Amino acid sequence: MELTVRQMDAEEFQRQRQEVLGQWETGKDVNFEEAVAYHKGLPKSKIFAEKLAEGKEKGITFAQPRAGVALITEHIELLRCLQDEGGADFLPTTIDSYTRQNRYTEAQSGIEESRTIGRSMLNGFPAVNHGVAACRQVAESVQVPVQVRHGTPDARLLAEITIAGGFTDFEGGGISYNIPYSKDVSIESTIKYWQYVDRLIGLYEEQGVKINREPFGPLTGTLVPPAISHAVAVIEGILAVAQGVRSLTLGYGQCGNLIQDVAALHTLPVLAEEYMEKLGYPKAMITTVFHQWMGGFPQDEAKAFGVISWGAATAALGKATKVIVKTPHEALGIPTKEANAAGIRATKQVLSMLKDQTLPMTEELALEEQMILAETRTILDRVLSLGEGDIAVGTVRAFQAGVIDVPFAPSRFNAGKILPARDTTGAVRMLDFGNLPFDETIKDFHRERIAQRGRDEGRDPSFQMVIDDIYAIGKGMLVGRPR
Amino acid sequence: MELTVRQMDAEEFQRQRQEVLGQWETGKDVNFEEAVAYHKGLPKSKIFAEKLAEGKEKGITFAQPRAGVALITEHIELLRCLQDEGGADFLPTTIDSYTRQNRYTEAQSGIEESRTIGRSMLNGFPAVNHGVAACRQVAESVQVPVQVRHGTPDARLLAEITIAGGFTDFEGGGISYNIPYSKDVSIESTIKYWQYVDRLIGLYEEQGVKINREPFGPLTGTLVPPAISHAVAVIEGILAVAQGVRSLTLGYGQCGNLIQDVAALHTLPVLAEEYMEKLGYPKAMITTVFHQWMGGFPQDEAKAFGVISWGAATAALGKATKVIVKTPHEALGIPTKEANAAGIRATKQVLSMLKDQTLPMTEELALEEQMILAETRTILDRVLSLGEGDIAVGTVRAFQAGVIDVPFAPSRFNAGKILPARDTTGAVRMLDFGNLPFDETIKDFHRERIAQRGRDEGRDPSFQMVIDDIYAIGKGMLVGRPR
Amino acid sequence: MKQKTLVLGVIGSDVHAVGNRILDYAFTHAGFKVINIGVLATQEEFINAAIETNADVLLVSSLYGHGEMDCRGLREKCQEKGIGDILMYVGGNLVVGKQDFESVKERFLAMGFNRVYPPGTMPEVPIKDLREDLGMSEE
Amino acid sequence: MKQKTLVLGVIGSDVHAVGNRILDYAFTHAGFKVINIGVLATQEEFINAAIETNADVLLVSSLYGHGEMDCRGLREKCQEKGIGDILMYVGGNLVVGKQDFESVKERFLAMGFNRVYPPGTMPEVPIKDLREDLGMSEE
């Protein structure tokens with residue numbers, strides 16, 4: 001199958017489907033028509049797209065945690081705690097890392113060992129191994145919509161099982177779940193895998209079943225300049241819409257500077273709608289998700305609450321539709337359910353207090369928005385021209401050429417040439433542009449901001465600044481100042 | 001002694017001093033000359049005014065908790081915990097409520113019962129009963145400057161003992177420690193009591209000893225419109241400077257709306273400097289203190305961390321010199337020292353993350369500043385005209401006339417006619433102006449904002465809105481919407 | 001049915017006035033006659049007000065942690081003054097520090113209070129209890 | 001003195017790349033020769049890289065909680081391949097959930113690791129330990 005943005009052949013889809021459903025024994029329980037009927041029986045309150053649409057209209061910011069453990073009963077107990085004790089508006093089912101790499105045999109060992117030992121040996125819920133019925137059991141055990149969150153380059157079987165299993169939202173994308181999550185998988189192959197997922201959802205949509213899709217915004221979660229994650233989010237949005245997806249939540253990970261973060265939240269749906277219209281796609285429902293600080297966290301719980309609350313405040317002031325919540329145990333690995341619920345409560349408190357407030361437009365905010373728009377358009381236009389109008393083809397070529405380049409990504413298909421660093425106000429700028437197709441106006445803006453920091457700190461900009469920035473938050477700082 | 005803003009007679013001061021030092025047996029240990037020598041031996045790092053000046057210059061926001069228990073050893077242990085585990089930049093010694101009412105006999109019973117029972121039966125440190133040497137023991141046990149925080153209408157003896165005792169900052173004022181803290185004490189008498197305190201500090205200043213003074217900004221801490229607390233802060237600042245005080249920290253309690261709070265922080269020193277210059281006083285060093293949310297708190301600790309962190313964020317974005325920190329136990333009464341330290345850590349985390357960020361000027365912020373300036377000037381000008389140029393005399397008459405009127409105050413010397421309520425963005429406005437001397441432009445501004453809320457909520461503005469606002473924060477909201 | 005009379009006040013050296021205003025409004029609104037003696041109220045002021053107005057209930061607030069010391073002996077003083085059977089409610093932040101509310105409640109019940117409320121109680125709760133304890137029918 | 005060689009990698013199905021980049025930079029900067037096999041590294045890749053480069057140390061990172069399962073048997077496989085005495089360091093978020101670090105450390109020491117580091121360890125710590133364990137003089 002040749003790479004193209006166009007909708008998958010019905011025949012090709014069915015051919016792959018046979019193969020995908022045969023990858024693990026639970027695949028045989030997927031029955032599309034029966035699943036459509038099941039979804040049609042769900043109340044609106046359990047459907048992600050419906051609740052997101054309501055929030056978007058009312059200007060509400062919803063809170064959603066991350067969570068997943070190996071065994072069904074414990075996973076349900078965990079989700080109920082987050083719903084009842086935390087007040088989560090949306091629930092997740094985070095998938096374990098073996099399943100993310102399609103290692104179902106190892107996931108099975110993890111399940112069995114967890115049963116024996118009495119605690120979860122997996123860092124998430126192995127939904128493929130558990131199968132359709134177990135997924136429905138999970139979704140039926142709670143009162144709010146449930147989303148699959150993972151990091152799986154080839155999530156075709158996972159999508160088949162979890163969507164048939166009653167989940168109404170699926171995170172990920174061919175770029176965002178490849179570049180930060182794998183080493184040796186080509187972008188061409190993951191775009192194809194995700195076209196399958198998007199086409200599957202398109203088929204559900206054609207039957208009147210709403211399934212929301214959420215490209216993973218934060219990418220590597222570490223000093224990613226907004227224009228880069230925005231370009232990826234818009235591309236994944238277009239790839240999804242081309243396959244029939246109608247409801248999209250585009251994501252962005254907190255950088256930490258209020259003005260830059262609000263500017264990023266404002267511009268993300270603007271860019272997506274602009275390019276979808278330009279390329280002639282039907283209008284999709286677009287909402288936004290803001291990820292609280294994805295970098296290192298302070299180990300102290302009180303300090304972690306400070307970081308969490310500041311993320312919540314930014315989400316509220318920027319009017320994100322949804323915020324993904326961190327926990328006071330973040331620095332220590334996977335949190336207890338109580339800590340997870342506490343993170344949601346702190347977040348919701350701030351969201352409630354700020355729900356009637358916005359950050360008003362200022363010169364600085366307008367400039368920041370203008371820069372993000374200009375930078376993202378420059379990247380996207382180059383992607384389209386590299387692909388001779390086909391954004392799927394253009395994406396592969398853009399990564400080859402370093403026209404899109406994600407900092408700190410493990411993938412060998414990512415150029416890895418750009419170097420981001422904070423400016424003196426904590427906004428993420430570029431220290432090295434690699435092969436990003438920016439003009440001199442944009443480059444001068446970044447250079448000037450980084451140079452200002454250098455002057456403030458009395459040192460020349462270098463990789464040491466980047467290292468200092470990465471360690472800074474664990475020490476309570478945003479900008480890694482020299483010691 | 002007739003009430004006037006002018007500096008106290010040396011003779012009158014000495015006459016009172018005899019009386020004051022005789023009010024409790026520990027008064028006899030106060031020796032002014034010896035105390036001056038003691039203060040001159042203190043390192044700069046232990047002197048409030050020095051560290052505040054440094055923070056003001058560098059644009060740092062410092063964090064200070066509230067804390068005090070009955071017995072000396074436990075009090076020292078508490079302060080050390082807040083310094084070492086919390087990272088407090090400044091330390092407090094909060095005085096118990098019996099001492100605040102000059103009931104030293106009852107405070108003594110509290111001390112003795114606390115010794116017997118093994119836990120503090122007092123809600124603060126009874127500094128008068130403990131005396132000068134004990135105060136020095138406290139101040140010498142920690143590495144940062146220590147301030148006396150209380151709520152004492154007649155704090156003359158407390159000031160004599162604690163300042164001789166090595167504390168370098170004294171909170172309160174003739175209005176701010178009367179109106180919210182007593183029922184039957186006239187403003188005239190408390191202004192005189194506090195002129196004594198200010199003159200005492202003036203005498204220290206004349207000897208080269210820096211003692212900072214901090215009028216209590218938040219007043220009743222509940223829906224106080226910024227113009228009212230600003231008017232009181234400026235008056236108390238002028239009364240203090242007139243007696244020789246040279247270093248002042250003016251306070252403001254968080255209302256909850258970011259724009260209004262930042263506007264309040266920006267305008268407070270502007271107004272103080274303007275009126276001091278206008279009245280011909282020498283320039284004092286003026287810094288600001290922002291009080292985290294003084295109203296009801298959620299009982300849940302995670303939610304309390306959210307409220308605390310939002311207060312810290314506002315302080316940082318408004319560039320207050322100091323922030324007074326709440327604790328996750330706030331709703332439950334007096335906190336454990338661990339909870340107190342946790343509140344400081346959450347606060348400092350947010351302060352650090354935001355230290356290089358400010359809220360940029362916007363149209364809304366400029367309007368809010370302009371309104372606060374206009375309202376405060378209107379009140380202050382009327383106070384001066386009522387006093388025929390004498391701000392002390394004018395203050396007494398202004399309270400009589402309701403030209404200054406503090407909402408929810410227990411004092412019968414306060415008119416209690418104004419009624420504040422939040423507008424639809426959470427900013428505090430006036431529902432009833434009482435006898436405030438505002439012109440129609442100002443009144444229309446408030447009316448329009450309150451009417452907007454009424455329209456949003458589909459109800460007529462009334463006292464029920466006020467009640468809803470007071471209970472709102474405990475339910476996670478800023479604006480008390482109808483159920 | 002005769003309107004019931006409550007004496008409302010904040011006991012001891014406590015100056016917390018906001019809740020006092022709210023309670024005044026809420027109880028008045030609920031149909032009670034409220035004699036509000038305000039903040040900084042002594043035991044004597046409570047008792048004198050109750051005698052003067054022939055009140056049915058003392059509603060004692062304490063928000064500053066000294067409640068335990070301030071409330072001791074109030075029941076005995078009521079008995080001395082001949083109003084030993086008056087209903088006594090107390091609520092607020094009654095003790096210094098975070099203590100288990102059940103043990104706090106027991107201590108105050110032992111002092112002769114009829115009802116004890118933890119911090120954060122909404123006025124609806126004592127209003128409902130008053131109607132029950134005073135044998136009033138629900139409106 | 002001969003430059004010491006380290007094999008650096010993130011074991012198992014773990015894709016955390018940021019710390020890997022930082023460690024690469026920090027160890028290189030500290031004078032070591034770093035063979036970085038990156039994320040998603042198998043036990044075999046660690047061992048093969050060590051044999052090929054005659055490495056002195058395996059530096060194993062695990063940030064995702066599956067470290068206990070992924071690291072089991074690594075010492076035994078090293079012994080089979082004839083590099084049984086190689087130094088083995090491990091660090092990161094090694095287990096699922098909040099567990100007492102001392103008990104985690106014991107489990108990994110029992111698996112044959114020479115040093116075990118908790119989350120949030122700065123690179124300076126293993127660098128100092130390496131110098132000590134490899135008998136290098138302080139610069």
# chains A, B, ... in the order shown; residues from 1 in each chain; ligands from 1

call {"tool": "residues_around", "arguments": {"residues": "His230 (chain B)", "least_positions_apart": "4", "cutoff": "10 Å", "atoms": "only C-alpha atoms", "output": "PyMOL selection string"}}
result
chain B and resi 217-218+224-226+234-236+250-252+264-265+267-269+271-272+372-373+375-377+379-380

call {"tool": "write_last_selection", "arguments": {"atoms": "N, CA, C and O atoms", "output": "CSV table (one decimal), in the first residue's frame"}}
result
chain,number,residue,atom,x,y,z
B,217,GLY,N,-3.3,44.6,56.2
B,217,GLY,CA,-4.0,44.9,55.0
B,217,GLY,C,-5.4,44.3,54.9
B,217,GLY,O,-6.3,45.0,54.5
B,218,PRO,N,-5.6,43.0,55.2
B,218,PRO,CA,-6.8,42.4,54.8
B,218,PRO,C,-8.0,42.8,55.6
B,218,PRO,O,-9.2,42.4,55.2
B,224,VAL,N,-13.4,42.5,51.1
B,224,VAL,CA,-13.1,43.9,51.3
B,224,VAL,C,-12.7,44.5,50.0
B,224,VAL,O,-11.7,44.1,49.4
B,225,PRO,N,-13.4,45.5,49.5
B,225,PRO,CA,-13.0,46.1,48.2
B,225,PRO,C,-11.6,46.8,48.4
B,225,PRO,O,-11.3,47.4,49.4
B,226,PRO,N,-10.7,46.7,47.4
B,226,PRO,CA,-9.4,47.2,47.5
B,226,PRO,C,-9.3,48.6,47.9
B,226,PRO,O,-8.4,49.0,48.7
B,234,VAL,N,-2.9,53.3,53.6
B,234,VAL,CA,-2.3,54.6,53.4
B,234,VAL,C,-2.4,55.5,54.7
B,234,VAL,O,-1.4,56.1,55.1
B,235,ILE,N,-3.5,55.5,55.3
B,235,ILE,CA,-3.7,56.3,56.5
B,235,ILE,C,-2.7,55.8,57.6
B,235,ILE,O,-2.0,56.6,58.3
B,236,GLU,N,-2.7,54.5,57.8
B,236,GLU,CA,-1.8,53.9,58.9
B,236,GLU,C,-0.4,54.2,58.5
B,236,GLU,O,0.4,54.4,59.4
B,250,LEU,N,3.1,47.6,53.2
B,250,LEU,CA,1.6,47.8,53.2
B,250,LEU,C,1.0,46.5,52.6
B,250,LEU,O,1.5,45.9,51.7
B,251,GLY,N,-0.2,46.1,53.2
B,251,GLY,CA,-0.7,44.8,52.9
B,251,GLY,C,-2.0,44.9,52.2
B,251,GLY,O,-2.8,45.9,52.2
B,252,TYR,N,-2.3,43.8,51.5
B,252,TYR,CA,-3.5,43.6,50.8
B,252,TYR,C,-3.9,42.1,50.8
B,252,TYR,O,-3.1,41.3,50.6
B,264,ALA,N,-4.4,45.9,42.5
B,264,ALA,CA,-4.3,46.3,43.9
B,264,ALA,C,-2.9,46.4,44.3
B,264,ALA,O,-2.4,47.3,45.0
B,265,LEU,N,-2.1,45.3,44.0
B,265,LEU,CA,-0.7,45.3,44.4
B,265,LEU,C,0.1,46.5,43.7
B,265,LEU,O,1.0,47.1,44.4
B,267,THR,N,-1.1,49.4,42.7
B,267,THR,CA,-1.5,50.8,43.1
B,267,THR,C,-1.1,51.1,44.6
B,267,THR,O,-1.0,52.3,44.9
B,268,LEU,N,-1.0,50.1,45.4
B,268,LEU,CA,-0.8,50.4,46.9
B,268,LEU,C,0.4,51.2,47.2
B,268,LEU,O,0.2,52.3,47.8
B,269,PRO,N,1.6,50.9,46.7
B,269,PRO,CA,2.7,51.8,47.0
B,269,PRO,C,2.6,53.1,46.3
B,269,PRO,O,3.1,54.1,46.8
B,271,LEU,N,-0.1,54.9,45.8
B,271,LEU,CA,-0.9,55.8,46.6
B,271,LEU,C,-0.2,56.3,47.9
B,271,LEU,O,-0.3,57.4,48.3
B,272,ALA,N,0.5,55.3,48.5
B,272,ALA,CA,1.1,55.7,49.8
B,272,ALA,C,2.2,56.8,49.5
B,272,ALA,O,2.2,57.8,50.2
B,372,ILE,N,-9.2,51.7,41.1
B,372,ILE,CA,-8.7,51.6,42.5
B,372,ILE,C,-8.1,53.0,42.9
B,372,ILE,O,-8.3,53.5,44.0
B,373,LEU,N,-7.3,53.6,42.0
B,373,LEU,CA,-6.7,54.9,42.3
B,373,LEU,C,-7.7,55.9,42.5
B,373,LEU,O,-7.7,56.7,43.5
B,375,GLU,N,-10.9,55.6,43.4
B,375,GLU,CA,-11.8,55.3,44.6
B,375,GLU,C,-11.0,55.7,45.8
B,375,GLU,O,-11.5,56.3,46.7
B,376,THR,N,-9.7,55.2,45.9
B,376,THR,CA,-9.0,55.4,47.1
B,376,THR,C,-8.7,56.9,47.3
B,376,THR,O,-8.8,57.4,48.4
B,377,ARG,N,-8.4,57.6,46.2
B,377,ARG,CA,-8.1,59.1,46.3
B,377,ARG,C,-9.4,59.8,46.8
B,377,ARG,O,-9.3,60.7,47.6
B,379,ILE,N,-11.7,58.6,48.7
B,379,ILE,CA,-11.9,58.4,50.2
B,379,ILE,C,-10.9,59.2,51.0
B,379,ILE,O,-11.2,59.9,51.9
B,380,LEU,N,-9.6,59.1,50.5
B,380,LEU,CA,-8.5,59.8,51.3
B,380,LEU,C,-8.7,61.4,51.3
B,380,LEU,O,-8.5,62.0,52.3

call {"tool": "interface_residues", "arguments": {"of": "chain A", "to": "chain D", "cutoff": "9 Å", "atoms": "only C-alpha atoms", "output": "PyMOL selection string"}}
result
chain A and resi 97-98+100-101+110+119-123+180-183+220+222+296-299+329+331-336+407-411+467+470-471+474

call {"tool": "write_last_selection", "arguments": {"atoms": "N, CA, C and O atoms", "output": "tab-separated table (two decimals), in the first residue's frame"}}
result
chain	number	residue	atom	x	y	z
A	97	SER	N	3.32	-0.76	29.21
A	97	SER	CA	4.36	-0.58	28.20
A	97	SER	C	4.63	-1.81	27.35
A	97	SER	O	5.12	-1.70	26.23
A	98	TYR	N	4.35	-3.01	27.85
A	98	TYR	CA	4.51	-4.19	26.99
A	98	TYR	C	3.48	-4.18	25.87
A	98	TYR	O	3.80	-4.38	24.70
A	100	ARG	N	2.11	-1.66	24.66
A	100	ARG	CA	2.45	-0.58	23.73
A	100	ARG	C	3.44	-1.04	22.66
A	100	ARG	O	3.48	-0.50	21.57
A	101	GLN	N	4.26	-2.03	23.04
A	101	GLN	CA	5.22	-2.57	22.07
A	101	GLN	C	4.68	-3.86	21.45
A	101	GLN	O	5.45	-4.63	20.87
A	110	GLY	N	3.11	-10.53	32.97
A	110	GLY	CA	2.91	-9.43	33.93
A	110	GLY	C	1.58	-9.60	34.65
A	110	GLY	O	1.49	-9.38	35.87
A	119	ARG	N	0.39	-7.37	43.77
A	119	ARG	CA	0.47	-5.94	43.41
A	119	ARG	C	0.78	-5.84	41.92
A	119	ARG	O	1.33	-6.77	41.34
A	120	SER	N	0.42	-4.71	41.33
A	120	SER	CA	0.57	-4.59	39.88
A	120	SER	C	2.03	-4.58	39.48
A	120	SER	O	2.80	-3.74	39.92
A	121	MET	N	2.42	-5.54	38.63
A	121	MET	CA	3.78	-5.55	38.10
A	121	MET	C	3.82	-4.83	36.76
A	121	MET	O	4.87	-4.71	36.15
A	122	LEU	N	2.68	-4.36	36.29
A	122	LEU	CA	2.62	-3.64	35.02
A	122	LEU	C	2.30	-2.17	35.29
A	122	LEU	O	1.61	-1.85	36.25
A	123	ASN	N	2.79	-1.31	34.40
A	123	ASN	CA	2.54	0.12	34.59
A	123	ASN	C	1.26	0.59	33.91
A	123	ASN	O	1.07	1.79	33.69
A	180	PRO	N	8.19	9.90	19.96
A	180	PRO	CA	8.63	9.89	21.37
A	180	PRO	C	8.63	8.49	21.98
A	180	PRO	O	9.06	8.30	23.11
A	181	TYR	N	8.11	7.48	21.27
A	181	TYR	CA	7.87	6.18	21.89
A	181	TYR	C	8.61	5.01	21.24
A	181	TYR	O	8.45	3.88	21.67
A	182	SER	N	9.32	5.26	20.14
A	182	SER	CA	10.04	4.12	19.57
A	182	SER	C	11.36	4.56	18.98
A	182	SER	O	11.67	5.75	18.88
A	183	LYS	N	12.15	3.55	18.63
A	183	LYS	CA	13.52	3.81	18.21
A	183	LYS	C	13.68	3.51	16.73
A	183	LYS	O	14.32	4.26	16.02
A	220	THR	N	7.71	14.64	23.38
A	220	THR	CA	8.66	14.16	24.40
A	220	THR	C	8.47	14.87	25.75
A	220	THR	O	9.13	14.52	26.72
A	222	THR	N	9.39	17.60	26.88
A	222	THR	CA	10.54	18.31	27.44
A	222	THR	C	11.00	19.41	26.49
A	222	THR	O	11.58	19.13	25.44
A	296	GLY	N	10.47	16.92	34.69
A	296	GLY	CA	10.78	16.43	36.03
A	296	GLY	C	9.95	17.14	37.08
A	296	GLY	O	9.60	18.31	36.92
A	297	PHE	N	9.62	16.44	38.14
A	297	PHE	CA	8.80	16.98	39.22
A	297	PHE	C	9.59	17.01	40.52
A	297	PHE	O	10.45	16.17	40.74
A	298	PRO	N	9.25	17.96	41.42
A	298	PRO	CA	9.87	17.89	42.76
A	298	PRO	C	9.37	16.65	43.49
A	298	PRO	O	8.22	16.24	43.32
A	299	GLN	N	10.24	16.05	44.30
A	299	GLN	CA	9.85	14.85	45.04
A	299	GLN	C	8.89	15.17	46.17
A	299	GLN	O	8.06	14.35	46.54
A	329	HIS	N	2.79	12.36	43.58
A	329	HIS	CA	3.82	11.31	43.58
A	329	HIS	C	4.64	11.29	42.29
A	329	HIS	O	5.45	10.39	42.10
A	331	ALA	N	7.22	12.47	40.92
A	331	ALA	CA	8.67	12.24	40.86
A	331	ALA	C	9.05	10.83	41.29
A	331	ALA	O	10.17	10.38	41.06
A	332	LEU	N	8.13	10.13	41.92
A	332	LEU	CA	8.46	8.84	42.51
A	332	LEU	C	7.94	7.67	41.70
A	332	LEU	O	7.96	6.53	42.15
A	333	GLY	N	7.46	7.94	40.50
A	333	GLY	CA	6.94	6.84	39.68
A	333	GLY	C	5.44	6.81	39.74
A	333	GLY	O	4.79	7.84	39.90
A	334	ILE	N	4.89	5.61	39.63
A	334	ILE	CA	3.44	5.48	39.51
A	334	ILE	C	2.77	5.75	40.87
A	334	ILE	O	3.18	5.21	41.88
A	335	PRO	N	1.75	6.64	40.88
A	335	PRO	CA	1.17	7.09	42.16
A	335	PRO	C	0.18	6.10	42.76
A	335	PRO	O	-0.37	5.26	42.04
A	336	THR	N	-0.08	6.22	44.03
A	336	THR	CA	-1.19	5.50	44.64
A	336	THR	C	-2.48	6.14	44.13
A	336	THR	O	-2.48	7.28	43.65
A	407	PRO	N	12.60	17.67	19.84
A	407	PRO	CA	13.75	17.56	20.75
A	407	PRO	C	13.67	16.35	21.67
A	407	PRO	O	12.58	15.98	22.10
A	408	PHE	N	14.80	15.73	21.93
A	408	PHE	CA	14.93	14.62	22.88
A	408	PHE	C	14.13	13.38	22.50
A	408	PHE	O	13.73	12.62	23.37
A	409	ALA	N	13.87	13.17	21.22
A	409	ALA	CA	13.10	12.00	20.82
A	409	ALA	C	14.02	10.80	20.64
A	409	ALA	O	15.16	10.94	20.18
A	410	PRO	N	13.55	9.59	21.00
A	410	PRO	CA	14.38	8.41	20.86
A	410	PRO	C	14.48	7.89	19.42
A	410	PRO	O	15.37	7.11	19.12
A	411	SER	N	13.56	8.30	18.56
A	411	SER	CA	13.48	7.70	17.23
A	411	SER	C	14.65	8.08	16.32
A	411	SER	O	15.01	9.25	16.23
A	467	ILE	N	20.53	21.62	29.79
A	467	ILE	CA	20.61	20.70	30.93
A	467	ILE	C	20.10	21.40	32.19
A	467	ILE	O	19.32	20.83	32.95
A	470	ILE	N	16.38	21.48	32.20
A	470	ILE	CA	15.72	20.18	32.45
A	470	ILE	C	15.72	19.86	33.94
A	470	ILE	O	14.75	19.35	34.48
A	471	TYR	N	16.82	20.16	34.60
A	471	TYR	CA	16.89	19.88	36.03
A	471	TYR	C	16.19	20.93	36.89
A	471	TYR	O	15.91	20.71	38.05
A	474	GLY	N	12.85	20.41	39.20
A	474	GLY	CA	13.05	19.56	40.38
A	474	GLY	C	13.61	20.37	41.53
A	474	GLY	O	13.45	20.04	42.70

call {"tool": "residues_around", "arguments": {"residues": "Ala304 (chain A)", "least_positions_apart": "2", "cutoff": "12 Å", "atoms": "only C-alpha atoms", "output": "ChimeraX atom specification"}}
result
/A:292-293,295-302,306-311,325-332,339-340,342-343,346-347,473-476 /B:302,305-306,309,342-343,345-350,353

call {"tool": "residues_around", "arguments": {"residues": "Ile418 (chain B)", "least_positions_apart": "2", "cutoff": "7 Å", "atoms": "only C-alpha atoms", "output": "NGL selection string"}}
result
:B and (405 or 407 or 416 or 420 or 432-434)

call {"tool": "select_by_dssp", "arguments": {"residues": "region 5-42 of chain C", "states": "strand (DSSP E or B)", "output": "VMD selection string"}}
result
chain C and resid 5 to 11 33 to 41

call {"tool": "write_last_selection", "arguments": {"atoms": "N, CA, C and O atoms", "output": "compact mmCIF listing (two decimals), in the first residue's frame"}}
result
# COMPACT_ATOMS: atom_id res chain seq x y z
N THR C 5 -36.94 32.11 70.35
CA THR C 5 -35.89 33.13 70.49
C THR C 5 -34.52 32.48 70.74
O THR C 5 -34.40 31.58 71.58
N LEU C 6 -33.54 32.95 69.99
CA LEU C 6 -32.17 32.44 70.13
C LEU C 6 -31.24 33.57 70.54
O LEU C 6 -31.36 34.68 70.03
N VAL C 7 -30.31 33.26 71.47
CA VAL C 7 -29.23 34.20 71.74
C VAL C 7 -28.00 33.72 70.96
O VAL C 7 -27.53 32.59 71.16
N LEU C 8 -27.53 34.57 70.09
CA LEU C 8 -26.42 34.23 69.19
C LEU C 8 -25.21 35.07 69.56
O LEU C 8 -25.34 36.29 69.75
N GLY C 9 -24.03 34.44 69.67
CA GLY C 9 -22.84 35.23 69.97
C GLY C 9 -21.56 34.43 69.77
O GLY C 9 -21.58 33.20 69.68
N VAL C 10 -20.45 35.17 69.69
CA VAL C 10 -19.13 34.56 69.56
C VAL C 10 -18.44 34.74 70.91
O VAL C 10 -18.22 35.87 71.36
N ILE C 11 -18.11 33.64 71.56
CA ILE C 11 -17.70 33.69 72.97
C ILE C 11 -16.22 34.04 73.15
O ILE C 11 -15.41 33.78 72.26
N LYS C 33 -36.42 34.36 66.18
CA LYS C 33 -36.09 35.69 66.67
C LYS C 33 -34.65 35.62 67.18
O LYS C 33 -34.35 34.85 68.11
N VAL C 34 -33.75 36.39 66.56
CA VAL C 34 -32.33 36.29 66.89
C VAL C 34 -31.89 37.48 67.73
O VAL C 34 -32.02 38.63 67.31
N ILE C 35 -31.41 37.19 68.95
CA ILE C 35 -30.78 38.22 69.79
C ILE C 35 -29.29 38.06 69.59
O ILE C 35 -28.68 37.14 70.13
N ASN C 36 -28.71 38.94 68.78
CA ASN C 36 -27.29 38.78 68.43
C ASN C 36 -26.43 39.65 69.33
O ASN C 36 -26.41 40.86 69.20
N ILE C 37 -25.68 39.00 70.25
CA ILE C 37 -24.80 39.78 71.14
C ILE C 37 -23.41 39.96 70.54
O ILE C 37 -22.51 40.51 71.18
N GLY C 38 -23.22 39.48 69.29
CA GLY C 38 -21.99 39.78 68.55
C GLY C 38 -20.76 39.03 69.03
O GLY C 38 -20.86 38.01 69.72
N VAL C 39 -19.61 39.60 68.70
CA VAL C 39 -18.33 38.97 69.05
C VAL C 39 -17.90 39.40 70.44
O VAL C 39 -18.56 40.21 71.09
N LEU C 40 -16.82 38.82 70.94
CA LEU C 40 -16.25 39.17 72.24
C LEU C 40 -17.30 39.08 73.35
O LEU C 40 -17.35 39.93 74.24
N ALA C 41 -18.13 38.05 73.25
CA ALA C 41 -19.23 37.93 74.22
C ALA C 41 -18.81 37.07 75.41
O ALA C 41 -18.22 36.00 75.24

call {"tool": "closest_atom_pairs", "arguments": {"of": "region 357-421 of chain A", "to": "region 169-176 of chain A", "cutoff": "10 Å", "atoms": "only C-alpha atoms", "output": "tab-separated table"}}
result
residue	atom	partner	partner_atom	distance
A:Ala392	CA	A:Gly174	CA	9.8
A:Thr395	CA	A:Ile175	CA	8.8
A:Val396	CA	A:Ile175	CA	9.5
A:Phe399	CA	A:Ile175	CA	9.8
A:Val406	CA	A:Ser176	CA	9.8

call {"tool": "residues_around", "arguments": {"residues": "Glu44 (chain C)", "least_positions_apart": "4", "cutoff": "12 Å", "atoms": "only C-alpha atoms", "output": "ChimeraX atom specification"}}
result
/C:9,11-12,37,40,48-52,58,70-71,73-78,80-81

call {"tool": "select_by_dssp", "arguments": {"residues": "region 296-398 of chain A", "states": "helix (DSSP H, G or I)", "output": "VMD selection string"}}
result
chain A and resid 301 to 317 330 to 332 337 to 353 363 to 386 391 to 398

call {"tool": "residues_around", "arguments": {"residues": "Gly135 (chain D)", "least_positions_apart": "5", "cutoff": "12 Å", "atoms": "only C-alpha atoms", "output": "number ranges by chain"}}
result
D: 1-2, 4, 56, 128-130

call {"tool": "residues_around", "arguments": {"residues": "Asp381 (chain B)", "least_positions_apart": "5", "cutoff": "10 Å", "atoms": "only C-alpha atoms", "output": "ChimeraX atom specification"}}
result
/B:231,275,376,386-387,389,391,394,437
